Amino acid sequence: MNTNRLDFILFPLLLCIFLASLYSLLSDQIVTNSLKADSIAQVIQMNNTVKTKKSFNYHWINTRSGEALNENDQIFTYNNSSAEIKLKSGAKIHVTPNSLISLKSQGEQTGINIENGLILADLSNTNEKIKVDLGGEEVELSSKDAQLQITKQDGKSKIEIIKGEVILKDKGNAISLKQGQLLSKKNGKLNIDESPINLLFPINGSILREQERISFDWKSSSNKTEERVFISKYSNFKKYKITKNNTKLRPGVYYWKVSSKEKESGLRMFRVLPETTTYLEKPQAEEILILNNESKVVHFNWKDEHFNSFDFELTGPEIVEKKNLNSNFTSLSLSTAGSYKWRIRPTSQAWSEYRDFDLSEPFLPSAPIPSTPKNNEIITLFGETKSSFRWTGERAANYHVQISKDIDFKTLVSEQKISSNVLLWAPKSTGTYHYRVRQLDSLSRETAFSKTITFKVDLIDNSNFIPKAGTKIVLSKPKEKVTFKWKESSKFNNERPKYFLEVSKTSDFNEVIITKETFSNNSSVTFPTIGDYFWRTKVIYPNQKETFSSPQKVIITPTPAPSRPVIEDLNIEIKVNSILKKAKDFILNLINILIPSASASELNTSARITWKDVENSKNYILEIYKDKNLNELILSVTLDSNSYTLNSVREGTYFWRIATIDHWDRQSEFSNLSKIVFSLPRIYKEVPSTKLLLPKNHALFKGKRSSIRFKWKAHQGPLKYSLLISKNKNFSKLYVKRTIETNKYNIRLSQGQYYWKIVAKNQFGYESESTVRKFLIKEEKVIKKSTKTKREKQEKKRKRRQTSLLSSSNFFFQYEVLSSSFEQSYSTYSINADGIVFSSFKLGNFHIFNQKSSIETTLRRFSGQVYNDLSYGVLSFQSIYGRFFFDQRLKLSIGASINSYTSYLRSSGNIQEEKNSSLGIPLAVKLRYNLFSMKNETTGLYSLGDLSHMEIDQRVYFKNSFSIGLGYESYSAKKDSSEIKMTNVKTSIRYQINY
């Protein structure tokens with residue numbers, strides 16, 4: 001959603017709604033105020049609820065006393081309400097109940113239109129003129145002193161002259177109307193009639209009481225016995241009753257008239273009120289009012305639904321008060337205690353009964369009860385801190401408080417009169433004090449003193465606080481401890497207090513983030529973050545309440561950001577250490593484990609770089625470059641200390657620099673770029689000349705080709721030897737060059753004269769040459785007659801055959817091709833697989849001890865496919881010990897093996913595999929013999945265990961390095977109510993390295 005566009009539309013819309021609502025609430029008041037200056041009439045008095053409908057409104061509102069009326073305003077009264085209106089001309093209009101009128105303005109004159117009901121108009125002088133709508137025609141009326149009654153019933157209007165003389169202007173003619181005459185409109189013309197019956201009592205506005213018998217009186221020109229009195233609550237007499245004189249009526253507004261068969265009077269309105277209309281409310285009868293101060297304002301109020309003006313009378317000690325009021329309440333200030341009585345009457349009506357009340361002085365309060373400090377309390381104050389004293393008591397004008405060094409209050413250290421029940425006092429010294437308090441009430445009367453409270457004051461100087469307020473504390477690293485100290489409190493009753501160190505982010509300590517408890521006057525804390533904090537101490541003596549010092553602000557900041565370090569050029573001698581040579585492949589690893597002596601030692605170089613420690617550093621970044629232009633980075637490392645050991649170092653010149661990281665994880669700029677030179681110790685730069693051993697100088701070898709064994713004295717330390725053989729003494733053309741790590745080498749050479757030497761080279765590239773030796777290979781035809789006997793020849797031949805059957809220690813690798821099958825049989829189904837396997841191999845070591853016994857360790861693996869990515873096979877690690885018999889022709893062996901294999905289970909139509917392992921005890925027999933001038937070897941093996949193994953293997957050797965074999969093997973096991981069987985027919989080729 002596009003919120004910006006929504007805001008653009010929503011905010012103006014809400015503003016418009018707000019302004020419209022505001023106008024709706026205030027428009028009436030605004031318009032009323034604007035029209036008040038142009039008003040034509042004013043409501044001067046009303047009883048009960050009267051409604052007004054303004055010309056600019058569509059709804060009726062409650063009329064207010066004093067409200068201004070304008071042209072076309074309407075006034076409506078209910079059946080129990082009335083209103084009195086004063087026109088602009090001065091005329092007064094009395095609107096009786098159940099009437100509706102509207103006002104009009106015509107110049108200086110005010111027009112009245114009676115929509116319904118009855119009104120009385122009081123015209124007091126000739127200047128007052130009104131216009132009245134009479135049957136759709138406006139007539140102008142004026143008078144010096146007259147009263148008019150204007151009625152409109154059932155759409156017919158009538159004006160009756162009640163009192164005085166009225167001037168009627170009609171079409172420029174002035175007509176005088178006198179008392180008892182009626183003005184109406186008939187057949188479109190004004191008609192003036194004499195009232196045949198003149199009603200005398202009750203007149204308009206008469207007030208009668210409920211229990212009063214009403215005697216109706218009228219004057220008539222005919223016989224009264226034929227005339228009857230009609231009474232109704234409605235001016236149109238839609239409901240009425242015929243009554244006689246001396247009747248009683250219930251409270252209400254009534255209209256009456258007299259009528260006979262031939263004539264009818266006008267109507268008059270009167271009210272019947274209850275015997276009592278005024279009800280006194282407050283003060284209540286016999287109420288006692290307390291004179292708390294020198295005078296008391298007493299409020300009087302009453303209730304009257306029928307009158308608005310009243311006479312008030314109060315009688316009491318030294319006072320008689322009378323008032324005329326236009327409201328139903330008043331107030332008087334009374335200062336003398338005693339009995340009073342008061343009464344009320346509506347103006348010109350009967351008085352209510354007297355009501356009595358008393359004005360009395362309050363009881364003298366009891367002595368205050370001290371609440372703090374408690375008796376024998378220890379108060380700890382810091383610096384200029386004030387102690388708080390509180391007590392209970394009634395509301396009073398003042399309290400009198402005394403504090404003394406002695407319990408008899410002869411030596412006062414503080415005496416005060418205060419207007420609250422709390423005193424703050426700052427003692428000047430540590431010690432024991434006593435205090436008491438008494439109350440002075442509003443009439444200045446004193447109570448007894450309270451119980452004496454003894455307390456002890458322990459003053460602690462804030463100037464001894466460390467760190468002081470406003471101190472800036474610089475931390476070298478996060479969580480660094482900061483120690484706070486304060487003055488030790490005094491000992492009271494041989495007891496020292498317990499301290500609490502509190503730390504907060506705000507001075508009001510609404511949320512305390514650190515609290516440390518201690519019995520000493522110091523404590524250490526760690527701050528969670530940097531920033532502003534406040535600290536204070538809380539002191540608690542045994543069985544006493546806690547006391548707090550004033551908050552002390554401290555600012556926790558980190559150390560400045562690390563600056564750029566400075567380093568120097570370094571010349572470092574390389575250290576050379578002898579370590580075990582790392583295995584290069586799986587076979588050599590196995591050799592190192594089984595025969596540690598087979599590992600050759602080599603030299604490792606290292607150099608330790610150290611620089612000056614930089615204060616407040618958590619880490620260092622070390623960078624070493626090959627060039628000073630920083631193009632070839634050879635090392636970048638982050639360190640916890642100011643040194644680093646560099647391994648496999650080569651001689652040369654490099655360039656280095658460092659940067660620091662402080663405990664706030666801010667990194668400095670890199671240091672200046674400096675030179676670092678690595679150099680080897682002199683001993684590793686000088687390689688001694690190699691001493692030659694075989695062949696000796698000028699040695700002679702006979703034959704066309706001869707196997708020459710070269711040997712020389714080995715050097716200490718890791719070296720490589722280069723055997724150089726040439727037919728030239730200056731070695732300008734090499735015939736043979738071999739680089740080896742041992743100190744001997746065999747090679748077959750053809751006849752001729754040769755020169756040879758050894759070049760020894762250490763791992764650092766330094767080398768030396770041996771002396772040069774010479775040897776000769778030459779064929780000589782010498783015929784010698786055999787002098788050996790036949791028996792000697794047979795013995796020699798037997799020894800030669802025996803020697804050819806002897807084995808030597810070796811490492812071997814064997815690759816196998818298998819014709820393999822797998823079967824796992826359950827009671828209801830079986831899982832089968834077969835095929836050619838090309839992924840079978842065996843790694844091993846065969847080691848002979850003194851030509852009498854041996855140990856053979858092998859790792860073998862083969863694997864075939866069962867289904868999709870599921871496979872079967874065996875991974876086996878085996879070590880067996882064997883003993884030779886009959887010149888190594890027979891060997892019997894026993895050992896141990898660890899085997900891993902896979903089984904399968906069909907579940908929900910799917911085949912699932914499970915890995916298994918087992919231990920085995922292999923038993924083996926091996927037979928060696930010569931056949932067709934080649935060494936042959938036949939092996940039979942059976943392994944006991946959960947996975948049993950049977951194997952037969954036939955092997956033929958070629959030149960003691962290569963051999964081929966043919967064999968058969970089977971595996972069997974029981975697993976989960978099934979039988980597993982694997983068989984392999986295998987062919988193999990083996991390569992071995994003798995040592």
# chains A, B, ... in the order shown; residues from 1 in each chain; ligands from 1
$ residues_around --residues "A:Phe811" --least-positions-apart "4" --cutoff "9 Å" --atoms "only C-alpha atoms" --output "short mmCIF file (atom, residue, chain, number, x, y, z; two decimals) with N, CA and C atoms, in the first residue's frame"
data_model
loop_
_atom_site.label_atom_id
_atom_site.label_comp_id
_atom_site.auth_asym_id
_atom_site.auth_seq_id
_atom_site.Cartn_x
_atom_site.Cartn_y
_atom_site.Cartn_z
N ILE A 587 49.45 -45.76 2.94
CA ILE A 587 50.38 -46.84 3.24
C ILE A 587 51.44 -46.38 4.21
N ILE A 591 52.48 -47.63 7.98
CA ILE A 591 53.85 -48.01 8.35
C ILE A 591 54.29 -47.29 9.62
N LEU A 843 45.48 -53.73 1.26
CA LEU A 843 46.72 -53.07 1.63
C LEU A 843 47.31 -53.83 2.81
N GLY A 844 48.64 -53.99 2.83
CA GLY A 844 49.19 -54.76 3.93
C GLY A 844 50.66 -54.52 4.18
N ASN A 845 51.09 -55.01 5.32
CA ASN A 845 52.50 -54.99 5.73
C ASN A 845 52.85 -56.37 6.28
N PHE A 846 53.96 -56.92 5.75
CA PHE A 846 54.46 -58.23 6.19
C PHE A 846 55.84 -58.02 6.76
N HIS A 847 55.99 -58.28 8.10
CA HIS A 847 57.26 -58.01 8.75
C HIS A 847 57.77 -59.27 9.43
N TYR A 991 51.73 -56.03 -5.89
CA TYR A 991 53.05 -55.43 -5.99
C TYR A 991 53.54 -55.17 -4.59
N GLN A 992 54.83 -55.55 -4.34
CA GLN A 992 55.35 -55.38 -2.99
C GLN A 992 56.70 -54.69 -3.03
N ILE A 993 56.96 -53.97 -1.92
CA ILE A 993 58.24 -53.26 -1.75
C ILE A 993 58.95 -53.90 -0.59
N ASN A 994 60.08 -54.54 -0.90
CA ASN A 994 60.83 -55.25 0.13
C ASN A 994 61.76 -54.29 0.87
N TYR A 995 61.98 -54.62 2.14
CA TYR A 995 62.92 -53.82 2.92
C TYR A 995 63.64 -54.71 3.91
#
$ residues_around --residues "A:Met982" --least-positions-apart "5" --cutoff "6 Å" --atoms "only C-alpha atoms" --output "ChimeraX atom specification"
/A:821-822,970-971
$ write_last_selection --atoms "all heavy atoms" --output "PDB file, in the first residue's frame"
ATOM      1  N   SER A 821      28.798 -63.094  -5.444  1.00  0.00           N
ATOM      2  CA  SER A 821      27.366 -63.292  -5.265  1.00  0.00           C
ATOM      3  C   SER A 821      27.008 -63.033  -3.814  1.00  0.00           C
ATOM      4  O   SER A 821      27.824 -63.228  -2.910  1.00  0.00           O
ATOM      5  CB  SER A 821      26.956 -64.711  -5.664  1.00  0.00           C
ATOM      6  OG  SER A 821      27.529 -65.655  -4.774  1.00  0.00           O
ATOM      7  N   PHE A 822      25.719 -62.572  -3.618  1.00  0.00           N
ATOM      8  CA  PHE A 822      25.221 -62.240  -2.277  1.00  0.00           C
ATOM      9  C   PHE A 822      23.818 -62.812  -2.149  1.00  0.00           C
ATOM     10  O   PHE A 822      22.992 -62.689  -3.053  1.00  0.00           O
ATOM     11  CB  PHE A 822      25.183 -60.721  -2.078  1.00  0.00           C
ATOM     12  CG  PHE A 822      24.491 -60.299  -0.800  1.00  0.00           C
ATOM     13  CD1 PHE A 822      25.182 -60.255   0.401  1.00  0.00           C
ATOM     14  CD2 PHE A 822      23.147 -59.962  -0.792  1.00  0.00           C
ATOM     15  CE1 PHE A 822      24.545 -59.869   1.570  1.00  0.00           C
ATOM     16  CE2 PHE A 822      22.508 -59.587   0.359  1.00  0.00           C
ATOM     17  CZ  PHE A 822      23.214 -59.530   1.553  1.00  0.00           C
ATOM     18  N   SER A 970      34.434 -67.374   1.032  1.00  0.00           N
ATOM     19  CA  SER A 970      33.012 -67.255   1.344  1.00  0.00           C
ATOM     20  C   SER A 970      32.864 -66.662   2.738  1.00  0.00           C
ATOM     21  O   SER A 970      33.702 -66.886   3.614  1.00  0.00           O
ATOM     22  CB  SER A 970      32.330 -68.610   1.272  1.00  0.00           C
ATOM     23  OG  SER A 970      32.804 -69.456   2.319  1.00  0.00           O
ATOM     24  N   TYR A 971      31.768 -65.887   2.914  1.00  0.00           N
ATOM     25  CA  TYR A 971      31.405 -65.292   4.197  1.00  0.00           C
ATOM     26  C   TYR A 971      29.998 -65.766   4.544  1.00  0.00           C
ATOM     27  O   TYR A 971      29.132 -65.901   3.659  1.00  0.00           O
ATOM     28  CB  TYR A 971      31.395 -63.759   4.133  1.00  0.00           C
ATOM     29  CG  TYR A 971      32.738 -63.129   3.909  1.00  0.00           C
ATOM     30  CD1 TYR A 971      33.240 -62.938   2.618  1.00  0.00           C
ATOM     31  CD2 TYR A 971      33.516 -62.699   4.992  1.00  0.00           C
ATOM     32  CE1 TYR A 971      34.463 -62.327   2.409  1.00  0.00           C
ATOM     33  CE2 TYR A 971      34.744 -62.095   4.788  1.00  0.00           C
ATOM     34  CZ  TYR A 971      35.218 -61.912   3.493  1.00  0.00           C
ATOM     35  OH  TYR A 971      36.432 -61.312   3.294  1.00  0.00           O
TER      36      TYR A 971
END
$ residues_around --residues "A:Gly172" --least-positions-apart "5" --cutoff "12 Å" --atoms "only C-alpha atoms" --output "VMD selection string"
chain A and resid 139 to 140 167
$ write_last_selection --atoms "N, CA and C atoms" --output "CSV table (one decimal), in the first residue's frame"
chain,number,residue,atom,x,y,z
A,139,VAL,N,-52.7,43.1,13.6
A,139,VAL,CA,-53.3,44.3,14.2
A,139,VAL,C,-52.3,44.9,15.2
A,140,GLU,N,-52.3,46.3,15.2
A,140,GLU,CA,-51.4,47.0,16.1
A,140,GLU,C,-52.2,47.4,17.3
A,167,ILE,N,-55.8,50.8,22.4
A,167,ILE,CA,-56.0,51.5,21.1
A,167,ILE,C,-55.7,50.5,20.0
$ atom_distance --atom1 "atom CA of A:Ser977" --atom2 "atom CA of A:Phe877"
26.9 Å
$ select_by_dssp --residues "stretch 399-613 of chain A" --states "helix (DSSP H, G or I)" --output "list of chain:residue names"
A:Asn462, A:Ser463, A:Asn464, A:Phe586, A:Ile587, A:Leu588, A:Asn589, A:Leu590, A:Ile591, A:Asn592, A:Ile593, A:Leu594, A:Pro596, A:Ser597, A:Ala598
$ write_last_selection --atoms "N, CA, C and O atoms" --output "compact mmCIF listing (two decimals), in the first residue's frame"
# COMPACT_ATOMS: atom_id res chain seq x y z
N ASN A 462 29.92 13.32 52.78
CA ASN A 462 29.92 12.96 51.36
C ASN A 462 31.25 13.23 50.66
O ASN A 462 31.55 12.66 49.62
N SER A 463 32.06 14.12 51.26
CA SER A 463 33.32 14.46 50.61
C SER A 463 34.29 13.29 50.61
O SER A 463 35.26 13.28 49.86
N ASN A 464 34.04 12.28 51.45
CA ASN A 464 34.90 11.10 51.49
C ASN A 464 34.49 10.04 50.48
O ASN A 464 35.05 8.95 50.44
N PHE A 586 48.25 -43.25 2.49
CA PHE A 586 47.69 -44.17 3.49
C PHE A 586 48.67 -45.25 3.89
O PHE A 586 48.78 -45.63 5.05
N ILE A 587 49.45 -45.76 2.94
CA ILE A 587 50.38 -46.84 3.24
C ILE A 587 51.44 -46.38 4.21
O ILE A 587 51.75 -47.06 5.21
N LEU A 588 52.01 -45.17 3.97
CA LEU A 588 53.06 -44.70 4.86
C LEU A 588 52.51 -44.37 6.25
O LEU A 588 53.21 -44.53 7.25
N ASN A 589 51.28 -43.93 6.31
CA ASN A 589 50.66 -43.73 7.63
C ASN A 589 50.61 -45.04 8.40
O ASN A 589 50.90 -45.11 9.60
N LEU A 590 50.19 -46.12 7.70
CA LEU A 590 50.11 -47.43 8.33
C LEU A 590 51.48 -47.90 8.79
O LEU A 590 51.64 -48.48 9.85
N ILE A 591 52.48 -47.63 7.98
CA ILE A 591 53.85 -48.01 8.35
C ILE A 591 54.29 -47.29 9.62
O ILE A 591 54.86 -47.87 10.53
N ASN A 592 54.00 -45.99 9.68
CA ASN A 592 54.42 -45.21 10.84
C ASN A 592 53.77 -45.69 12.12
O ASN A 592 54.35 -45.63 13.20
N ILE A 593 52.51 -46.17 12.01
CA ILE A 593 51.80 -46.67 13.20
C ILE A 593 52.40 -48.00 13.66
O ILE A 593 52.66 -48.23 14.84
N LEU A 594 52.60 -48.90 12.68
CA LEU A 594 53.04 -50.25 13.03
C LEU A 594 54.53 -50.31 13.33
O LEU A 594 54.96 -51.04 14.22
N PRO A 596 57.22 -47.57 13.98
CA PRO A 596 57.66 -46.18 14.08
C PRO A 596 59.08 -45.96 13.62
O PRO A 596 59.42 -44.90 13.12
N SER A 597 59.94 -46.94 13.73
CA SER A 597 61.33 -46.77 13.33
C SER A 597 61.47 -46.56 11.85
O SER A 597 62.50 -46.11 11.37
N ALA A 598 60.43 -46.87 11.10
CA ALA A 598 60.51 -46.70 9.64
C ALA A 598 60.34 -45.25 9.24
O ALA A 598 60.58 -44.90 8.12
$ closest_residue --among "A:Gln954, A:Ser641, A:Ser371, A:Asn631" --to "A:Asp613" --atoms "only C-alpha atoms"
A:Ser641
$ closest_residue --among "A:Ser331, A:Thr278, A:Thr392, A:Ser81" --to "A:Ser352" --atoms "only C-alpha atoms"
A:Thr278
$ residues_around --residues "A:Ile572" --least-positions-apart "3" --cutoff "9 Å" --atoms "only C-alpha atoms" --output "VMD selection string"
chain A and resid 607 to 609 676 to 680
$ write_last_selection --atoms "N, CA and C atoms" --output "PDB file, in the first residue's frame"
ATOM      1  N   ALA A 607      60.590 -19.354  13.166  1.00  0.00           N
ATOM      2  CA  ALA A 607      61.172 -18.084  13.593  1.00  0.00           C
ATOM      3  C   ALA A 607      60.138 -17.362  14.436  1.00  0.00           C
ATOM      4  N   ARG A 608      60.535 -16.834  15.544  1.00  0.00           N
ATOM      5  CA  ARG A 608      59.625 -16.141  16.467  1.00  0.00           C
ATOM      6  C   ARG A 608      59.788 -14.640  16.301  1.00  0.00           C
ATOM      7  N   ILE A 609      58.675 -14.004  15.936  1.00  0.00           N
ATOM      8  CA  ILE A 609      58.657 -12.553  15.747  1.00  0.00           C
ATOM      9  C   ILE A 609      58.057 -11.939  16.997  1.00  0.00           C
ATOM     10  N   ILE A 676      62.143  -7.210   7.744  1.00  0.00           N
ATOM     11  CA  ILE A 676      62.444  -8.342   8.601  1.00  0.00           C
ATOM     12  C   ILE A 676      63.279  -9.323   7.786  1.00  0.00           C
ATOM     13  N   VAL A 677      64.464  -9.696   8.317  1.00  0.00           N
ATOM     14  CA  VAL A 677      65.413 -10.569   7.617  1.00  0.00           C
ATOM     15  C   VAL A 677      65.514 -11.879   8.392  1.00  0.00           C
ATOM     16  N   PHE A 678      65.230 -13.006   7.707  1.00  0.00           N
ATOM     17  CA  PHE A 678      65.372 -14.335   8.295  1.00  0.00           C
ATOM     18  C   PHE A 678      66.661 -14.962   7.758  1.00  0.00           C
ATOM     19  N   SER A 679      67.489 -15.527   8.673  1.00  0.00           N
ATOM     20  CA  SER A 679      68.737 -16.179   8.245  1.00  0.00           C
ATOM     21  C   SER A 679      68.948 -17.455   9.043  1.00  0.00           C
ATOM     22  N   LEU A 680      69.543 -18.460   8.383  1.00  0.00           N
ATOM     23  CA  LEU A 680      69.809 -19.738   9.030  1.00  0.00           C
ATOM     24  C   LEU A 680      71.061 -19.671   9.886  1.00  0.00           C
TER      25      LEU A 680
END
$ select_by_dssp --residues "stretch 400-518 of chain A" --states "strand (DSSP E or B)" --output "ChimeraX atom specification"
/A:400-404,412-418,422-425,431-440,446,453-460,466,471-475,481-485,492,495,498-504,512-518
$ closest_residue --among "A:Pro202, A:Lys257, A:Thr225, A:Thr63" --to "A:Phe270" --atoms "only C-alpha atoms"
A:Pro202
$ residues_around --residues "A:Lys545" --least-positions-apart "6" --cutoff "12 Å" --atoms "only C-alpha atoms" --output "PyMOL selection string"
chain A and resi 372-380+497-498+538-539
$ residues_around --residues "A:Ser295" --least-positions-apart "5" --cutoff "7 Å" --atoms "only C-alpha atoms" --output "ChimeraX atom specification"
/A:333-335
$ residues_around --residues "stretch 132-136 of chain A" --least-positions-apart "4" --cutoff "10 Å" --atoms "only C-alpha atoms" --output "list in words"
Leu103, Lys104, Thr110, Gly111, Ile112, Asn113, Ile114, Glu115, Glu140, Leu141, Ile150, Thr151, Lys152, Gly155, Lys156, Ser157, Lys158, Ile159, Leu183, Ser184, Lys185, Lys186, Gly188, Lys189 and Leu190 of chain A
$ decode --residues "stretch 658-666 of chain A" --atoms "all heavy atoms" --output "CSV table (one decimal), in the first residue's frame"
chain,number,residue,atom,x,y,z
A,658,ILE,N,52.1,-4.1,11.8
A,658,ILE,CA,51.0,-4.6,12.7
A,658,ILE,C,50.0,-3.5,12.9
A,658,ILE,O,50.3,-2.3,12.6
A,658,ILE,CB,51.6,-4.9,14.1
A,658,ILE,CG1,52.3,-3.7,14.8
A,658,ILE,CG2,52.6,-6.1,14.0
A,658,ILE,CD1,52.6,-3.9,16.2
A,659,ALA,N,48.8,-3.9,13.3
A,659,ALA,CA,47.8,-3.0,13.8
A,659,ALA,C,47.2,-3.5,15.1
A,659,ALA,O,47.3,-4.8,15.4
A,659,ALA,CB,46.6,-2.9,12.8
A,660,THR,N,46.8,-2.7,16.0
A,660,THR,CA,46.3,-3.1,17.3
A,660,THR,C,44.7,-3.1,17.3
A,660,THR,O,44.1,-2.2,16.7
A,660,THR,CB,46.9,-2.3,18.5
A,660,THR,OG1,46.4,-0.9,18.3
A,660,THR,CG2,48.4,-2.4,18.4
A,661,ILE,N,44.1,-3.9,18.1
A,661,ILE,CA,42.7,-3.9,18.4
A,661,ILE,C,42.6,-3.8,19.9
A,661,ILE,O,43.1,-4.7,20.6
A,661,ILE,CB,42.0,-5.1,17.9
A,661,ILE,CG1,42.2,-5.2,16.3
A,661,ILE,CG2,40.5,-5.1,18.2
A,661,ILE,CD1,41.6,-6.5,15.7
A,662,ASP,N,41.9,-2.8,20.4
A,662,ASP,CA,41.8,-2.7,21.9
A,662,ASP,C,40.6,-3.5,22.4
A,662,ASP,O,39.9,-4.2,21.6
A,662,ASP,CB,41.7,-1.2,22.3
A,662,ASP,CG,40.4,-0.6,21.8
A,662,ASP,OD1,39.5,-1.3,21.3
A,662,ASP,OD2,40.2,0.7,22.1
A,663,HIS,N,40.4,-3.4,23.7
A,663,HIS,CA,39.3,-4.2,24.3
A,663,HIS,C,37.9,-3.8,23.9
A,663,HIS,O,37.0,-4.4,24.3
A,663,HIS,CB,39.5,-4.2,25.8
A,663,HIS,CG,40.8,-4.9,26.3
A,663,HIS,ND1,40.9,-6.3,26.4
A,663,HIS,CD2,42.0,-4.4,26.6
A,663,HIS,CE1,42.1,-6.6,26.8
A,663,HIS,NE2,42.8,-5.5,26.9
A,664,TRP,N,37.8,-2.6,23.3
A,664,TRP,CA,36.5,-2.1,22.8
A,664,TRP,C,36.3,-2.4,21.3
A,664,TRP,O,35.5,-1.9,20.7
A,664,TRP,CB,36.4,-0.6,23.1
A,664,TRP,CG,36.6,-0.3,24.5
A,664,TRP,CD1,37.7,0.2,25.1
A,664,TRP,CD2,35.6,-0.3,25.5
A,664,TRP,NE1,37.5,0.4,26.4
A,664,TRP,CE2,36.2,0.1,26.7
A,664,TRP,CE3,34.3,-0.7,25.6
A,664,TRP,CZ2,35.6,0.1,28.0
A,664,TRP,CZ3,33.6,-0.7,26.8
A,664,TRP,CH2,34.2,-0.2,27.9
A,665,ASP,N,37.2,-3.3,20.8
A,665,ASP,CA,37.2,-3.8,19.4
A,665,ASP,C,37.3,-2.6,18.4
A,665,ASP,O,36.8,-2.6,17.3
A,665,ASP,CB,35.8,-4.5,19.1
A,665,ASP,CG,35.7,-5.8,19.9
A,665,ASP,OD1,36.7,-6.5,20.1
A,665,ASP,OD2,34.6,-6.2,20.3
A,666,ARG,N,38.2,-1.7,18.8
A,666,ARG,CA,38.5,-0.6,17.9
A,666,ARG,C,39.9,-0.8,17.3
A,666,ARG,O,40.8,-1.1,18.1
A,666,ARG,CB,38.4,0.8,18.6
A,666,ARG,CG,37.1,1.1,19.2
A,666,ARG,CD,37.1,2.4,20.0
A,666,ARG,NE,37.9,2.2,21.2
A,666,ARG,CZ,38.1,3.1,22.1
A,666,ARG,NH1,37.5,4.3,22.0
A,666,ARG,NH2,38.9,2.9,23.2
